[in-house]
Structure formats: structure tokens, C-alpha cells
Amino acid sequence: MKNVIIFFTLISLCCQAQQNTLKPTLENISWISGTWHGKAFGGITEEIWSEPSGGSMMASFKLINDGKVTFYEIEIIREIENSLILQLKHFGPDLKGWETKDETVDFPLKEITENKVIFEGMTFERVSDNEMIVHVDMKEKDGSISVMPFKYTKDIPNQKPIKQLIEVNYAQNTPIIDGMADENIWKNSQWHRIDQLWIGSPFSSDDFEGRYKLAWREEALYLLAEIKDDTLRDVFKDPLKRWWDEDCLEIFIDEDNSGGGHQYTHNAFAYHVDLQGNVVDVNHTKEGKLYNSHVISARKTNKNTTIWEVKILLYDDSYIDDAKNNTVKLYPNKNIGFALAYCDNDYSEHRENFIGSIFVEGSDKDRGWIDANIFGTLRLIKNN
């Protein structure tokens, strides 16, 4: 009886494996299509795949190191003899080919499953709708083969509606981050309110008032916030301990204004800036992590009024923790997802109020750290 059970178990597993194997058609690998960005060989990679048409899919690849193209690839996946084959050719930065005129590097298809396209020497693995890993066999100098993973994220068309549009003026001179706010850009910029209750009981102007201004230069977004708070709380010396329950300024940034979820990803950032200038966000480990190099701040407090002056570096959604990441350079007419909030806690164990800069629909208004769709929109402008 035991042997019979084992026999039928093996049959069941075999059938399941057969069900998971898909036919070798372009339609079954169309999820590869799109514009993908990643990092490899110490640089930035870009791979753009077309939708299936004419019996093939086509891609261009390039590697950028220190702002210059190192090499290009042209790739195709085409139908051949009831199967598929991946073929590519390499080109230098001057578009001179590495292979001879009629030579290609070929990868015959082995298998397609729901989330993998396995060629001999190269495998495409779907992690999510906008995440992919390409595993490539690399020949080492000693003749051995190692597998190198190329981690990609896909550009998804912006579906987030533009709301609370704020035009942000260009600063002719770089603001000095000292909490003084005496630059011309601050004198000539418009104030915006922080007055939307996201968590807690209604508050009075005696307890809290908040407003902010914005400016930009190519290297960063600049923020000036004025917070009137009668009591500042900073109990925990460890910046990674219950940072959300301390008085802090929270800056929400979505570099491409694409919206969407970002709870444990870097599709957007939710920077908690504490009274000591430490900057915390939650990353893929589901733990708080310091991002002090992303946000540089200075604050000055006089009686119940605190001035925060802040420089915010922007990163796109290809950001990888503990790796070398390049900041995004800003330019006129660029849209950025943005919201600002203040955690207000006078004497309680947990924060008493959370006040934001934008109206959030529904009863659950504390969604900025999860959902970038609630963010407003900044549009960078530069007057001649």
C-alpha cells in the first residue's frame, strides 16, 4: 500500500510539473516586454523589449558607466521550428560590432513556465509585474561558469492623476542648509498649509500650526517648513526605535509621480526626519533604516516656532539599499509626487496627532507610507 501511495504521488507531481510548463510561444513570454532598468558591472543597465509582432520580440540593451555607454546589445527572440530562440549581437560605444558580420550569440529555448523563460545560458525570471531577474551564464577566466543575476524594474506608465498641483520655482543660488531661511528664494516663494488631520483628535492653533515652501535646483529639491508646536518630544535616543511616535517631519517623495504601493519598496520614499536630523524609512526588510545621506536638514527653534530647512536628494525606483546609487537630476516641467506631514506628540506614549499637507479620502488617512497615490504633485518650473 505504501508503494502504491508513493507511485500515485510521483504521478501527481509529474502531472503538476507538466501543467506548469507552457507552450513555446511568444504570447506566453509577452510579460518580458517593456522598459527595464537595473544595475550591473558597476553601472546602470537599460533593456527595452517590444511586444510580440511578426513572429519575434526585439530588444536594445546598454550599459552605462560613469555617465558613458560601455557597450550595446541588439537582442531578438524569434519563433523557429515550433520553438523559440534568443539571439544577440554586441556593439561598442561607437556601434562597431564585436561579432563578425554573420555571427550571432544564440540561446536555444529549454522551457517556459508561468514565471520563467529558460534558455540555454540565460533565464528570465518574473518576480512581479514590474520586477524581473535575468540570470546569465558567465564564463570565467579559468573556464568555469558562474551565473550572474541582472535585477530589473520596469517602467509602468503613469496612471496617477495629478492633484494638488504646486508649481515649484527654481533657485538661482543654492540655499544654505542652516535653518536661517534668509535666501531670496524663500522670501519670494508661496507658503502652503499643513492642516489635514490624518491621525488623532482635532487640534487648535495654540497646539499646532504648520506651513511650508519649496524650491529646486538640478541637484536637489529644497524645503522650508515652519512648525508651531508648543511641546517638542524626543525621548528615544536610538533613531530606529519607534521613530513614528516622536515629534518629526515626514517627507513623502515619489520621484516620477507614478503613484502605487511602496510599503516595503523604493517606488517612493517616506522620510521621517527627527529632531536630531536622523532620517528613517522602512525598506524591503520591513525594518527601519537610516537614510541620512538622502535628506540633509537644519532646524532652529525660537519659543514654540521651529524652522526646518531641508535638502532632499531624489532617487528613482531602481534604488538598491547598500549599493552605489545615482541621484536623479532635476529639470524644468518634471512632475514629482509629494506630501508633507508632522508627527505631533506632547506627552503620550504614542503620537497624538499626525497632520498632513493633502486631503486623503476615506477613514484610513494614514496611508502615505504605503500608498503613493495619495501624494500631491509638484511641477518644477524655471523662469528665464
# chains A, B, ... in the order shown; residues from 1 in each chain; ligands from 1

$ residues_around --residues "segment 184-195 of chain A" --least-positions-apart "4" --cutoff "12 Å" --atoms "only C-alpha atoms" --output "JSON, numbers by chain"
{"A": [164, 165, 166, 167, 168, 169, 170, 171, 172, 173, 174, 175, 176, 179, 180, 199, 202, 203, 204, 205, 208, 209, 210, 211, 212, 213, 214, 215, 216, 217, 222, 223, 224, 225, 226, 227, 228, 249, 250, 251, 309, 339, 340, 341, 342, 343, 353, 354, 355, 356, 357, 358, 359, 360]}

$ write_last_selection --atoms "C-alpha atoms" --output "PDB file, in the first residue's frame"
ATOM      1  CA  GLN A 164      -2.918  69.443  -5.520  1.00  0.00           C
ATOM      2  CA  LEU A 165      -0.599  70.712  -8.251  1.00  0.00           C
ATOM      3  CA  ILE A 166       2.075  73.021  -6.822  1.00  0.00           C
ATOM      4  CA  GLU A 167       4.494  74.862  -9.077  1.00  0.00           C
ATOM      5  CA  VAL A 168       7.984  74.961  -7.580  1.00  0.00           C
ATOM      6  CA  ASN A 169      10.344  77.777  -8.559  1.00  0.00           C
ATOM      7  CA  TYR A 170      13.986  77.340  -9.497  1.00  0.00           C
ATOM      8  CA  ALA A 171      16.527  78.760  -7.017  1.00  0.00           C
ATOM      9  CA  GLN A 172      19.156  80.879  -8.768  1.00  0.00           C
ATOM     10  CA  ASN A 173      21.503  80.292  -5.833  1.00  0.00           C
ATOM     11  CA  THR A 174      21.855  77.130  -3.775  1.00  0.00           C
ATOM     12  CA  PRO A 175      20.138  77.554  -0.395  1.00  0.00           C
ATOM     13  CA  ILE A 176      22.452  77.131   2.587  1.00  0.00           C
ATOM     14  CA  GLY A 179      17.787  76.957   9.398  1.00  0.00           C
ATOM     15  CA  MET A 180      18.129  80.702   8.769  1.00  0.00           C
ATOM     16  CA  ILE A 199      -4.471  60.703  12.901  1.00  0.00           C
ATOM     17  CA  PRO A 202      -8.906  67.858  16.321  1.00  0.00           C
ATOM     18  CA  PHE A 203      -6.210  70.352  17.273  1.00  0.00           C
ATOM     19  CA  SER A 204      -6.147  74.098  17.873  1.00  0.00           C
ATOM     20  CA  SER A 205      -3.715  76.685  16.548  1.00  0.00           C
ATOM     21  CA  PHE A 208      -0.063  73.207  16.272  1.00  0.00           C
ATOM     22  CA  GLU A 209       0.286  75.229  13.062  1.00  0.00           C
ATOM     23  CA  GLY A 210       2.322  74.193  10.051  1.00  0.00           C
ATOM     24  CA  ARG A 211       3.234  75.549   6.630  1.00  0.00           C
ATOM     25  CA  TYR A 212       5.981  75.061   4.041  1.00  0.00           C
ATOM     26  CA  LYS A 213       7.724  76.398   0.930  1.00  0.00           C
ATOM     27  CA  LEU A 214       9.616  74.594  -1.840  1.00  0.00           C
ATOM     28  CA  ALA A 215      12.410  75.316  -4.306  1.00  0.00           C
ATOM     29  CA  TRP A 216      14.616  73.266  -6.614  1.00  0.00           C
ATOM     30  CA  ARG A 217      17.955  73.111  -8.323  1.00  0.00           C
ATOM     31  CA  TYR A 222      14.663  72.163  -1.185  1.00  0.00           C
ATOM     32  CA  LEU A 223      12.081  72.503   1.576  1.00  0.00           C
ATOM     33  CA  LEU A 224      11.420  75.173   4.172  1.00  0.00           C
ATOM     34  CA  ALA A 225       8.917  74.234   6.894  1.00  0.00           C
ATOM     35  CA  GLU A 226       7.634  76.380   9.725  1.00  0.00           C
ATOM     36  CA  ILE A 227       6.118  74.393  12.586  1.00  0.00           C
ATOM     37  CA  LYS A 228       4.446  75.973  15.606  1.00  0.00           C
ATOM     38  CA  LEU A 249       8.799  65.988   9.988  1.00  0.00           C
ATOM     39  CA  GLU A 250       7.773  63.347   7.443  1.00  0.00           C
ATOM     40  CA  ILE A 251       8.604  63.948   3.781  1.00  0.00           C
ATOM     41  CA  GLU A 309      15.482  73.908   6.205  1.00  0.00           C
ATOM     42  CA  ALA A 339       3.308  65.229   0.547  1.00  0.00           C
ATOM     43  CA  LEU A 340       4.458  66.592   3.879  1.00  0.00           C
ATOM     44  CA  ALA A 341       3.308  65.717   7.388  1.00  0.00           C
ATOM     45  CA  TYR A 342       4.183  66.331  11.018  1.00  0.00           C
ATOM     46  CA  CYS A 343       4.077  63.829  13.893  1.00  0.00           C
ATOM     47  CA  ASN A 353      -1.617  63.735  16.069  1.00  0.00           C
ATOM     48  CA  PHE A 354      -0.418  63.236  12.537  1.00  0.00           C
ATOM     49  CA  ILE A 355      -1.128  66.279  10.376  1.00  0.00           C
ATOM     50  CA  GLY A 356      -0.584  66.242   6.605  1.00  0.00           C
ATOM     51  CA  SER A 357      -0.444  68.631   3.693  1.00  0.00           C
ATOM     52  CA  ILE A 358      -3.047  66.971   1.481  1.00  0.00           C
ATOM     53  CA  PHE A 359      -6.629  65.769   1.903  1.00  0.00           C
ATOM     54  CA  VAL A 360      -6.913  61.971   1.944  1.00  0.00           C
TER      55      VAL A 360
END

$ select_by_dssp --residues "segment 49-201 of chain A" --states "strand (DSSP E)" --output "MDAnalysis selection string"
chainID A and resid 49 56:65 68:80 83:91 105:112 116:119 122:128 131:139 145:154 165:169 192:194 196:200

$ closest_residue --among "A:Leu232, A:Ile64, A:Cys248, A:Ala268" --to "Ser318 of chain A" --atoms "only C-alpha atoms"
A:Ala268

$ residues_around --residues "Asn278 of chain A" --least-positions-apart "6" --cutoff "10 Å" --atoms "only C-alpha atoms" --output "PyMOL selection string"
chain A and resi 238-240+243+248+271-272+290-293+295-297

$ atom_distance --atom1 "atom CA of Ser144 of chain A" --atom2 "atom CA of Phe124 of chain A"
21.6 Å

$ select_by_dssp --residues "segment 39-209 of chain A" --states "helix (DSSP H, G or I)" --output "PyMOL selection string"
chain A and resi 184-187

$ residues_around --residues "Lys151 of chain A" --least-positions-apart "4" --cutoff "12 Å" --atoms "only C-alpha atoms" --output "compact mmCIF listing (two decimals) with C-alpha atoms, in the first residue's frame"
# COMPACT_ATOMS: atom_id res chain seq x y z
CA TRP A 36 13.56 47.79 -17.76
CA HIS A 37 16.25 49.46 -15.63
CA GLY A 38 18.84 47.86 -13.36
CA LYS A 39 22.45 47.81 -12.24
CA ALA A 40 25.36 45.56 -13.21
CA PHE A 41 29.13 45.68 -13.80
CA ILE A 44 23.41 51.27 -14.94
CA THR A 45 21.66 48.94 -17.36
CA GLU A 46 18.66 49.57 -19.60
CA GLU A 47 16.82 46.91 -21.60
CA THR A 123 16.89 32.68 -17.83
CA PHE A 124 14.25 35.41 -17.48
CA GLU A 125 12.50 35.23 -14.10
CA ARG A 126 9.37 37.27 -13.34
CA VAL A 127 9.37 38.43 -9.70
CA SER A 128 6.34 40.73 -10.00
CA ASN A 130 7.41 45.33 -12.62
CA GLU A 131 10.35 43.26 -11.33
CA MET A 132 12.46 40.78 -13.31
CA ILE A 133 15.78 38.99 -12.83
CA VAL A 134 17.79 37.85 -15.87
CA HIS A 135 20.23 35.08 -14.91
CA VAL A 136 23.15 34.92 -17.37
CA SER A 318 15.75 51.27 -9.17
CA TYR A 319 17.32 52.27 -5.85
CA ILE A 320 19.03 49.34 -4.09

$ residues_around --residues "Trp31 of chain A" --least-positions-apart "3" --cutoff "8 Å" --atoms "only C-alpha atoms" --output "list in words"
Asn28, Gly34 and Asp129 of chain A

$ write_last_selection --atoms "C-alpha atoms" --output "PDB file, in the first residue's frame"
ATOM      1  CA  ASN A  28       3.476  33.114 -23.207  1.00  0.00           C
ATOM      2  CA  GLY A  34       8.605  46.929 -21.550  1.00  0.00           C
ATOM      3  CA  ASP A 129       4.583  42.785 -12.677  1.00  0.00           C
TER       4      ASP A 129
END

$ closest_residue --among "A:Lys96, A:Leu63, A:Asp178, A:Asp317" --to "Phe150 of chain A" --atoms "only C-alpha atoms"
A:Leu63

$ atom_distance --atom1 "atom CA of Pro52 of chain A" --atom2 "atom CA of Glu99 of chain A"
25.7 Å

$ residues_around --residues "segment 104-111 of chain A" --least-positions-apart "5" --cutoff "8 Å" --atoms "only C-alpha atoms" --output "PyMOL selection string"
chain A and resi 21-22+24+83-89+99+117-122

$ write_last_selection --atoms "all heavy atoms" --output "tab-separated table (two decimals), in the first residue's frame"
chain	number	residue	atom	x	y	z
A	21	THR	N	4.39	23.74	-17.26
A	21	THR	CA	5.17	24.02	-18.46
A	21	THR	C	4.25	24.55	-19.56
A	21	THR	O	3.23	23.94	-19.88
A	21	THR	CB	5.87	22.75	-18.96
A	21	THR	OG1	6.73	22.24	-17.92
A	21	THR	CG2	6.69	23.03	-20.20
A	22	LEU	N	4.62	25.72	-20.11
A	22	LEU	CA	3.78	26.37	-21.12
A	22	LEU	C	4.31	26.12	-22.52
A	22	LEU	O	5.49	25.77	-22.71
A	22	LEU	CB	3.73	27.87	-20.85
A	22	LEU	CG	3.27	28.30	-19.44
A	22	LEU	CD1	3.29	29.83	-19.33
A	22	LEU	CD2	1.90	27.76	-19.13
A	24	PRO	N	5.80	26.80	-26.18
A	24	PRO	CA	6.88	27.73	-26.57
A	24	PRO	C	6.37	28.77	-27.59
A	24	PRO	O	6.71	28.73	-28.78
A	24	PRO	CB	7.92	26.80	-27.19
A	24	PRO	CG	7.12	25.66	-27.74
A	24	PRO	CD	5.98	25.47	-26.78
A	83	SER	N	9.53	26.28	-31.78
A	83	SER	CA	10.18	26.65	-30.54
A	83	SER	C	10.59	28.11	-30.63
A	83	SER	O	10.18	28.84	-31.55
A	83	SER	CB	11.40	25.75	-30.27
A	83	SER	OG	11.92	26.01	-28.97
A	84	LEU	N	11.41	28.56	-29.69
A	84	LEU	CA	11.90	29.92	-29.68
A	84	LEU	C	13.41	29.90	-29.54
A	84	LEU	O	13.99	28.96	-28.98
A	84	LEU	CB	11.30	30.72	-28.52
A	84	LEU	CG	9.78	30.84	-28.44
A	84	LEU	CD1	9.37	31.54	-27.15
A	84	LEU	CD2	9.24	31.60	-29.66
A	85	ILE	N	14.05	30.94	-30.02
A	85	ILE	CA	15.49	31.09	-29.85
A	85	ILE	C	15.79	32.56	-29.55
A	85	ILE	O	15.16	33.46	-30.10
A	85	ILE	CB	16.28	30.62	-31.09
A	85	ILE	CG1	17.78	30.61	-30.77
A	85	ILE	CG2	15.96	31.47	-32.31
A	85	ILE	CD1	18.63	29.94	-31.85
A	86	LEU	N	16.70	32.77	-28.62
A	86	LEU	CA	17.17	34.11	-28.30
A	86	LEU	C	18.52	34.31	-28.98
A	86	LEU	O	19.43	33.49	-28.83
A	86	LEU	CB	17.33	34.27	-26.78
A	86	LEU	CG	18.07	35.50	-26.26
A	86	LEU	CD1	17.34	36.78	-26.63
A	86	LEU	CD2	18.27	35.43	-24.75
A	87	GLN	N	18.65	35.41	-29.74
A	87	GLN	CA	19.89	35.70	-30.44
A	87	GLN	C	20.27	37.15	-30.15
A	87	GLN	O	19.40	38.03	-30.06
A	87	GLN	CB	19.74	35.50	-31.95
A	87	GLN	CG	19.41	34.05	-32.33
A	87	GLN	CD	19.15	33.91	-33.82
A	87	GLN	OE1	18.16	34.42	-34.34
A	87	GLN	NE2	20.06	33.22	-34.51
A	88	LEU	N	21.57	37.39	-30.04
A	88	LEU	CA	22.00	38.76	-29.78
A	88	LEU	C	23.36	39.04	-30.43
A	88	LEU	O	24.11	38.14	-30.77
A	88	LEU	CB	22.05	39.04	-28.27
A	88	LEU	CG	22.99	38.23	-27.38
A	88	LEU	CD1	24.41	38.80	-27.38
A	88	LEU	CD2	22.46	38.18	-25.96
A	89	LYS	N	23.62	40.34	-30.59
A	89	LYS	CA	24.91	40.82	-31.08
A	89	LYS	C	25.34	41.98	-30.20
A	89	LYS	O	24.51	42.77	-29.74
A	89	LYS	CB	24.82	41.28	-32.54
A	89	LYS	CG	24.53	40.15	-33.53
A	89	LYS	CD	24.39	40.65	-34.95
A	89	LYS	CE	25.72	41.02	-35.57
A	89	LYS	NZ	26.51	39.82	-35.93
A	99	GLU	N	30.95	40.85	-32.72
A	99	GLU	CA	30.90	39.62	-33.51
A	99	GLU	C	31.14	39.94	-34.99
A	99	GLU	O	31.02	41.10	-35.41
A	99	GLU	CB	29.55	38.92	-33.34
A	99	GLU	CG	29.31	38.31	-31.96
A	99	GLU	CD	28.89	39.33	-30.90
A	99	GLU	OE1	28.33	40.39	-31.32
A	99	GLU	OE2	29.10	39.09	-29.70
A	117	VAL	N	11.34	32.03	-18.25
A	117	VAL	CA	11.65	31.66	-19.64
A	117	VAL	C	13.10	31.20	-19.62
A	117	VAL	O	14.02	32.00	-19.40
A	117	VAL	CB	11.47	32.85	-20.59
A	117	VAL	CG1	11.68	32.40	-22.03
A	117	VAL	CG2	10.11	33.49	-20.42
A	118	ILE	N	13.31	29.90	-19.82
A	118	ILE	CA	14.63	29.31	-19.61
A	118	ILE	C	15.26	28.98	-20.96
A	118	ILE	O	14.80	28.09	-21.69
A	118	ILE	CB	14.53	28.04	-18.75
A	118	ILE	CG1	13.81	28.35	-17.43
A	118	ILE	CG2	15.92	27.46	-18.50
A	118	ILE	CD1	13.46	27.12	-16.62
A	119	PHE	N	16.30	29.74	-21.31
A	119	PHE	CA	17.12	29.44	-22.48
A	119	PHE	C	18.42	28.78	-22.00
A	119	PHE	O	18.77	28.86	-20.82
A	119	PHE	CB	17.46	30.71	-23.26
A	119	PHE	CG	16.27	31.39	-23.87
A	119	PHE	CD1	15.61	32.42	-23.20
A	119	PHE	CD2	15.80	31.02	-25.13
A	119	PHE	CE1	14.52	33.06	-23.75
A	119	PHE	CE2	14.70	31.66	-25.69
A	119	PHE	CZ	14.06	32.68	-25.01
A	120	GLU	N	19.14	28.15	-22.91
A	120	GLU	CA	20.43	27.58	-22.56
A	120	GLU	C	21.43	28.71	-22.34
A	120	GLU	O	21.89	29.33	-23.29
A	120	GLU	CB	20.93	26.63	-23.65
A	120	GLU	CG	20.10	25.37	-23.80
A	120	GLU	CD	20.66	24.43	-24.86
A	120	GLU	OE1	21.77	24.70	-25.36
A	120	GLU	OE2	19.97	23.44	-25.19
A	121	GLY	N	21.72	29.01	-21.06
A	121	GLY	CA	22.67	30.07	-20.75
A	121	GLY	C	22.05	31.37	-20.31
A	121	GLY	O	22.78	32.29	-19.90
A	122	MET	N	20.72	31.49	-20.38
A	122	MET	CA	20.07	32.72	-19.94
A	122	MET	C	18.63	32.42	-19.53
A	122	MET	O	17.90	31.76	-20.27
A	122	MET	CB	20.07	33.78	-21.05
A	122	MET	CG	19.55	35.15	-20.59
A	122	MET	SD	19.54	36.42	-21.90
A	122	MET	CE	21.27	36.49	-22.33

$ closest_residue --among "A:Asp245, A:Ile162, A:Lys286, A:Asn267" --to "Arg379 of chain A" --atoms "only C-alpha atoms"
A:Ile162
